[in-house]
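Everything below concerns the one structure shown next.
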Amino acid sequence: MSRAAPLLCVYGLLIVLAAALGCDRQPDDMALVPEGKFLMGAGPGSHADNLRREVVLDAFYMDKHEVTNGDYKRFVDKEGHREPRNWAIRGYDEDLKDHPVVFVSYKDAEAYCTWMGKRLPTEEEWEKAARGTDGRVYPWGNEFKRDRANTSISGIVGTSRVGRYEEGKSPYGLYDMAGNVWEWTSSDYKKGSKVVKGGSWGLSHRFSRAFARVGYGQNTRINNLGFRCARDM
């Protein structure tokens with residue numbers, strides 16, 4: 001036996017042990033958002049609950065893409081969860097499998113993330129994942145670029161395929177953090193409602209600014225509201 005053989009055996013045992021302890025590599029469909037501080041909120045003149053401030057977060061993973069119709073269909077088929085309202089009326093559209101799922105309530109989104117071994121992000125996590133640490137307005141910088149996000153001025157009038165806007169990625173490599181669909185977070189807005197972030201295809205670019213925040217009741221299911229999941233390290 002060569003001298004390398006025992007070392008290879010030890011290395012193999014270490015890999016097995018790491019997997020057993022949950023020390024696996026970064027998921028391919030998620031991006032790492034490192035620990036540390038970032039600038040959150042808007043500048044002077046903004047509402048009192050959204051002033052610019054420094055926030056410190058632990059590291060976490062975030063889905064690179066919004067959850068798609070195709071992703072959600074696997075969940076519905078496996079778990080028997082209720083279909084989004086548009087599927088119930090018109091049926092599932094295979095041509096839209098790579099578009100973000102919509103007509104899902106907060107509880108629907110939460111159930112999907114739990115099924116995937118993940119969770120919904122907090123508002124703070126979502127905003128850091130969208131804008132990085134330097135307080136930029138949009139994922140790519142401070143100036144809006146109409147060809148980097150699906151908003152009401154994109155001319156699409158509806159959802160677009162996730163990942164379409166390569167130049168619209170956030171500093172951590174997440175797609176569609178501006179426009180396409182609003183995204184649920186786990187943070188409370190007011191009693192009975194949750195913060196949603198990111199703007200959508202049906203609204204102007206002002207709503208797609210990283211610091212913009214709106215509250216929707218947990219039972220809201222509409223055609224421009226979806227989600228993505230996060231996961232602890």
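Naming works like this for the structure tokens: A, B, ... for the chains as they're shown, residue 1 at the start of each chain, ligands 1 onward in shown order.
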
Go through stretch 36-124 of chain A residue by residue and, counting only C-alpha atoms, keep those with an atom at most 10 Å from stretch 154-171 of chain A; for each kept residue give the shortest atom pair and its distance in Å to one decimal, ordered by chain and increasing number, as a tab-separated table.
```
residue	atom	partner	partner_atom	distance
A:Lys64	CA	A:Gly163	CA	8.4
A:His65	CA	A:Val162	CA	6.2
A:Glu66	CA	A:Val162	CA	6.6
A:Val67	CA	A:Val162	CA	8.6
A:Thr68	CA	A:Val162	CA	7.6
A:Leu96	CA	A:Arg161	CA	7.7
A:Lys97	CA	A:Arg161	CA	8.5
A:Asp98	CA	A:Arg161	CA	5.3
A:His99	CA	A:Arg161	CA	4.4
A:Pro100	CA	A:Val162	CA	6.6
A:Val101	CA	A:Thr159	CA	9.1
A:Val102	CA	A:Thr159	CA	9.1
```

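Counting only C-alpha atoms, A:Tyr189 has the following residues at most 12 Å away, ignoring those fewer than 2 positions along the same chain: A:Asp49, A:Asn50, A:Thr122, A:Glu123, A:Trp184, A:Thr185, A:Ser186, A:Ser187, A:Lys191, A:Gly192, A:Ser193, A:Lys194, A:Val195, A:Val196, A:Lys197, A:Arg213, A:Val214, A:Gly215, A:Tyr216, A:Gly217, A:Gln218.
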
Mind checking which residues fall within 7 Å of A:Ala130, counting only C-alpha atoms, ignoring those fewer than 3 positions away in the same chain, and posting them as number ranges by chain?
A: 126-127, 139, 170, 177, 210

Prev. selection, N, CA and C atoms, output as an mmCIF file, in the first residue's frame:
```cif
data_model
loop_
_atom_site.group_PDB
_atom_site.id
_atom_site.type_symbol
_atom_site.label_atom_id
_atom_site.label_comp_id
_atom_site.auth_asym_id
_atom_site.auth_seq_id
_atom_site.Cartn_x
_atom_site.Cartn_y
_atom_site.Cartn_z
ATOM 1 N N TRP A 126 -33.310 40.550 3.466
ATOM 2 C CA TRP A 126 -33.672 40.791 2.073
ATOM 3 C C TRP A 126 -32.973 42.044 1.556
ATOM 4 N N GLU A 127 -32.992 43.110 2.341
ATOM 5 C CA GLU A 127 -32.418 44.365 1.866
ATOM 6 C C GLU A 127 -30.904 44.286 1.699
ATOM 7 N N PRO A 139 -29.922 47.253 -6.958
ATOM 8 C CA PRO A 139 -28.907 46.203 -6.843
ATOM 9 C C PRO A 139 -27.612 46.498 -7.585
ATOM 10 N N SER A 170 -27.608 41.603 -7.908
ATOM 11 C CA SER A 170 -27.149 42.286 -6.709
ATOM 12 C C SER A 170 -25.660 42.008 -6.501
ATOM 13 N N MET A 177 -33.915 41.243 -7.801
ATOM 14 C CA MET A 177 -34.179 41.879 -6.513
ATOM 15 C C MET A 177 -34.814 43.250 -6.698
ATOM 16 N N ALA A 210 -34.164 49.474 -3.345
ATOM 17 C CA ALA A 210 -33.901 48.442 -2.334
ATOM 18 C C ALA A 210 -34.503 48.775 -0.976
#
```

Taking only stretch 5-217 of chain A into account, list the residues labelled alpha helix (DSSP H) by DSSP (computed from the backbone), as a PyMOL selection string.
chain A and resi 5-20+69-79+85-90+106-115+123-131

I need the residues of stretch 50-129 of chain A that end up classed as strand (DSSP E or B) by DSSP on the backbone, written out as an mmCIF file with C-alpha atoms, in the first residue's frame.
```cif
data_model
loop_
_atom_site.group_PDB
_atom_site.id
_atom_site.type_symbol
_atom_site.label_atom_id
_atom_site.label_comp_id
_atom_site.auth_asym_id
_atom_site.auth_seq_id
_atom_site.Cartn_x
_atom_site.Cartn_y
_atom_site.Cartn_z
ATOM 1 C CA LEU A 51 -34.465 56.125 8.094
ATOM 2 C CA ARG A 53 -29.161 53.292 9.740
ATOM 3 C CA GLU A 54 -26.418 50.732 10.189
ATOM 4 C CA VAL A 55 -27.518 47.129 10.746
ATOM 5 C CA VAL A 56 -25.392 44.095 11.635
ATOM 6 C CA LEU A 57 -26.416 40.602 10.483
ATOM 7 C CA PHE A 60 -26.982 33.517 5.666
ATOM 8 C CA TYR A 61 -27.883 31.985 2.321
ATOM 9 C CA MET A 62 -30.515 33.419 -0.029
ATOM 10 C CA ASP A 63 -32.093 31.944 -3.156
ATOM 11 C CA THR A 68 -40.750 29.693 -10.001
ATOM 12 C CA PRO A 100 -41.983 33.514 -10.588
ATOM 13 C CA ARG A 119 -37.356 29.905 5.613
#
```

Take atom CA of A:Leu225 and atom CA of A:Trp182 and report the distance between them in Å, one decimal.
4.6 Å

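Comparing the minimum interatomic distances between A:Trp87 and each of A:Arg206, A:Lys190, A:Lys73, A:Arg131, counting only C-alpha atoms, we find that A:Lys73 sits nearest.
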